[in-house]
Amino acid sequence: MSPLEQLIRDEVRAQRPRLMIATAAAIGVTCGAALLLGLSGWFITAAALAGLAGPAVAHTFNYMIPSALIRLLAIVRTGSRYVERVAGHEAALKGLGRLRPRLYARLAEGRGAIKTLAAGEASSRLIEDVDAIQTRFIRLSAPWALGAGLLVSAAMAALAHVTSAVPLVVGAAALVLGSRWIAERWVRPAAGDRQAAQGQLKARLAELEAAVPELKAWSLEGWATAEVARVAEASDAAALTLSRRAGYLMSWAGAVTGLTLAGVVGLPVILSPVPPATPLIAVAALATAAGMEAALALVVALRDAGAARAASARLEPLMGEAETGRVGTPAGTALRLSPARPEIAGGARVRLNGPSGIGKTTLIEQLMGLRAGDEGRMSAGGLDPARNDVDVRGLFTYAAQEVSLLDGTVAQNLRLADPKAPEARLWEVLEEAALAERVAASPKGLDMPVGPGGAFLSGGERRRLTLARAYLRTAPWLVLDEPTEGLDARTEQKVLHRLKARLDRTGQGLVLITHRPAGVALCDRVVDVVEGPGATPSPLPVCELGQTFRSQDAQLRD
């Protein structure tokens with residue numbers, strides 16, 4: 001059983017009391033509908049015939065009891081439907097409310113296919129795909145409701161003639177089986193295409209939204225609008241195809257229902273030497289309509305199940321394989337960056353050297369287990385970070401080259417690294433990142449908003465805030481990717497001077513990527529990253545490490 005399927009089953013099990021209530025209410029809906037329609041058909045027809053027979057017959061016709069029963073059944077059906085909707089949807093929403101965070105937690109682990117998933121695509125998976133799975137909860141009552149409603153409808157149809165129940169049972173079976181075939185053959189693939197198109201639309205919108213300043217600078221608003229229209233058109237086309245194929249399903253349901261009604265009404269007339277009483281024919285016809293309506297609920301569930309199964313198919317690869325044991329965590333702090341090189345002991349200061357585009361960022365992200373890599377190439381704390389059954393991220397605290405900030409306050413962005421950090425600790429890391437003076441000058445201090453993506457801060461301030469965040473987390477290795485990019489020379493010297501003092505005080509190891517001369521002297525080891533011989537093209541650079549470690553003076557000039 002896949003991890004996703006296990007999660008869904010766990011939530012279904014947790015919501016079983018509500019789902020049982022919803023099932024009982026659904027049975028009440030179908031049975032109440034069958035009895036209500038059948039009794040209404042008899043009452044209306046019998047009352048009409050009594051009226052046509054004359055005042056004397058009409059005066060003796062007892063309409064009080066049937067009308068009271070009709071009202072009672074209407075109340076039962078309405079109340080049951082309300083309970084079914086409340087209990088069923090409450091179970092689904094509570095289940096999804098627990099499923100989505102658990103799924104997000106697995107995605108946030110950063111293992112498997114999620115490592116290469118775009119932000120917009122991940123959003124689509126967590127919203128549309130998870131919403132589609134709610135059908136897995138709601139449709140659980142449909143088979144039970146169909147069985148009960150069909151049983152009551154068949155019994156009422158048999159009042160006209162015993163053969164009237166046969167077309168009803170055969171028609172309901174044909175409706176369900178045919179609908180299942182249509183759903184699998186036509187609806188499910190279209191549902192999968194629509195889910196994929198929705199994900200692509202969200203991903204493209206996220207990409208273009210992030211590039212708005214550049215698009216404006218280059219007067220590319222028209223191109224961006226056309227690009228959105230192109231992707232949206234593909235999404236709309238997929239949605240239209242799904243609607244059309246769902247229409248095939250409902251057309252089949254309508255055709256089968258019509259033929260079934262004809263058989264229920266016509267068969268007794270053909271087979272019985274004495275035609276059944278007209279009120280009983282009305283009972284059979286309307287009871288059949290109720291029974292087919294119950295079957296139609298299952299048809300709708302089958303239609304929606306296509307989207308649910310397509311959503312599950314898209315989510316399952318992100319969940320990885322079922323866990324057979326606990327995730328391994330490092331026992332040490334040594335790093336090995338190449339199979340041919342010795343380990344680098346904790347506390348060392350290492351700079352990755354090489355031209356832009358050679359793959360230095362890729363290398364460190366693979367080392368930290370943030371990006372997929374080949375097994376057996378490197379190790380962290382004695383474990384292979386490329387394996388899905390290990391987690392080496394506890395060894396590292398990271399300030400990436402690409403700045404990522406939440407739309408919140410300075411304190412909220414810092415506490416991503418340590419949610420329980422006291423204010424004194426926040427000021428300490430801000431001071432080490434040469435940002436404390438700027439934050440203290442704000443009337444709101446640590447509660448100063450940074451804006452969407454840090455829009456209220458300058459580029460250098462955003463970088464220093466992410467650097468302070470990296471300082472806040474306690475880890476054996478500090479990994480910095482171009483930490484002084486965008487800083488003026490004086491601020492850069494101040495940041496590096498305080499970084500050196502921090503490393504001297506804590507003994508924390510450093511893995512540094514920088515092309516700026518001022519940061520070179522921080523490290524006493526350099527690893528040259530060069531393109532490996534015979535490397536094959538791939539979406540990610542395939543790199544090997546140079547064979548040379550060289551020492552440098554770890555002196556930083558003020």
# chains A, B, ... in the order shown; residues from 1 in each chain; ligands from 1
>>> closest_atom_pairs(of="segment 237-340 of chain A", to="segment 23-26 of chain A", cutoff="12 Å", atoms="only C-alpha atoms", output="Markdown table")
| residue | atom | partner | partner_atom | distance |
| --- | --- | --- | --- | --- |
| A:Ala294 | CA | A:Ala26 | CA | 9.5 |
| A:Ala297 | CA | A:Ala26 | CA | 10.2 |
| A:Leu298 | CA | A:Ala26 | CA | 11.6 |
>>> write_last_selection(atoms="all heavy atoms", output="CSV table (one decimal), in the first residue's frame")
chain,number,residue,atom,x,y,z
A,294,ALA,N,-31.4,6.8,-7.3
A,294,ALA,CA,-30.4,6.3,-6.4
A,294,ALA,C,-29.2,5.7,-7.1
A,294,ALA,O,-28.0,5.9,-6.8
A,294,ALA,CB,-31.0,5.2,-5.5
A,297,ALA,N,-27.0,8.6,-8.3
A,297,ALA,CA,-26.0,9.1,-7.3
A,297,ALA,C,-24.7,8.3,-7.4
A,297,ALA,O,-23.6,8.9,-7.2
A,297,ALA,CB,-26.7,9.0,-5.9
A,298,LEU,N,-24.8,7.0,-7.6
A,298,LEU,CA,-23.6,6.2,-7.8
A,298,LEU,C,-22.9,6.6,-9.1
A,298,LEU,O,-21.6,6.6,-9.1
A,298,LEU,CB,-23.9,4.7,-7.7
A,298,LEU,CG,-22.7,3.8,-7.8
A,298,LEU,CD1,-21.8,4.0,-6.6
A,298,LEU,CD2,-23.2,2.3,-7.7
>>> residues_around(residues="segment 425-431 of chain A", least_positions_apart="5", cutoff="8 Å", atoms="only C-alpha atoms", output="list in words")
Ala411, Leu414, Ala436, Glu437, Leu465, Ala468, Arg469, Tyr471 and Leu472 of chain A
>>> closest_residue(among="A:Leu4, A:Pro213, A:Asp10, A:Arg81", to="Ala22 of chain A", atoms="only C-alpha atoms")
A:Arg81
>>> residues_around(residues="segment 54-65 of chain A", least_positions_apart="3", cutoff="12 Å", atoms="only C-alpha atoms", output="PyMOL selection string")
chain A and resi 39-40+42-51+68-72
>>> residues_around(residues="Glu128 of chain A", least_positions_apart="6", cutoff="9 Å", atoms="only C-alpha atoms", output="ChimeraX atom specification")
/A:195,198-199,311
>>> write_last_selection(atoms="N, CA, C and O atoms", output="PDB file, in the first residue's frame")
ATOM      1  N   GLN A 195      -6.464  17.896 -14.464  1.00  0.00           N
ATOM      2  CA  GLN A 195      -5.665  18.148 -13.276  1.00  0.00           C
ATOM      3  C   GLN A 195      -4.252  18.588 -13.659  1.00  0.00           C
ATOM      4  O   GLN A 195      -3.686  19.507 -13.071  1.00  0.00           O
ATOM      5  N   GLN A 198      -4.339  22.140 -15.030  1.00  0.00           N
ATOM      6  CA  GLN A 198      -4.498  23.100 -13.940  1.00  0.00           C
ATOM      7  C   GLN A 198      -3.167  23.342 -13.232  1.00  0.00           C
ATOM      8  O   GLN A 198      -2.823  24.468 -12.881  1.00  0.00           O
ATOM      9  N   GLY A 199      -2.420  22.263 -13.020  1.00  0.00           N
ATOM     10  CA  GLY A 199      -1.114  22.397 -12.388  1.00  0.00           C
ATOM     11  C   GLY A 199      -0.154  23.215 -13.228  1.00  0.00           C
ATOM     12  O   GLY A 199       0.592  24.061 -12.707  1.00  0.00           O
ATOM     13  N   ALA A 311      -6.104  12.505  -9.298  1.00  0.00           N
ATOM     14  CA  ALA A 311      -5.398  13.277  -8.285  1.00  0.00           C
ATOM     15  C   ALA A 311      -4.481  12.388  -7.460  1.00  0.00           C
ATOM     16  O   ALA A 311      -3.338  12.751  -7.156  1.00  0.00           O
TER      17      ALA A 311
END
>>> closest_residue(among="A:Ser164, A:Gln134, A:Gln200, A:Thr260", to="Ala238 of chain A", atoms="only C-alpha atoms")
A:Gln200
>>> select_by_dssp(residues="segment 44-267 of chain A", states="alpha helix (DSSP H)", output="number ranges by chain")
A: 44-53, 55-60, 64-108, 119-124, 130-132, 135-138, 142-157, 165-182, 188-210, 212-217, 221-267
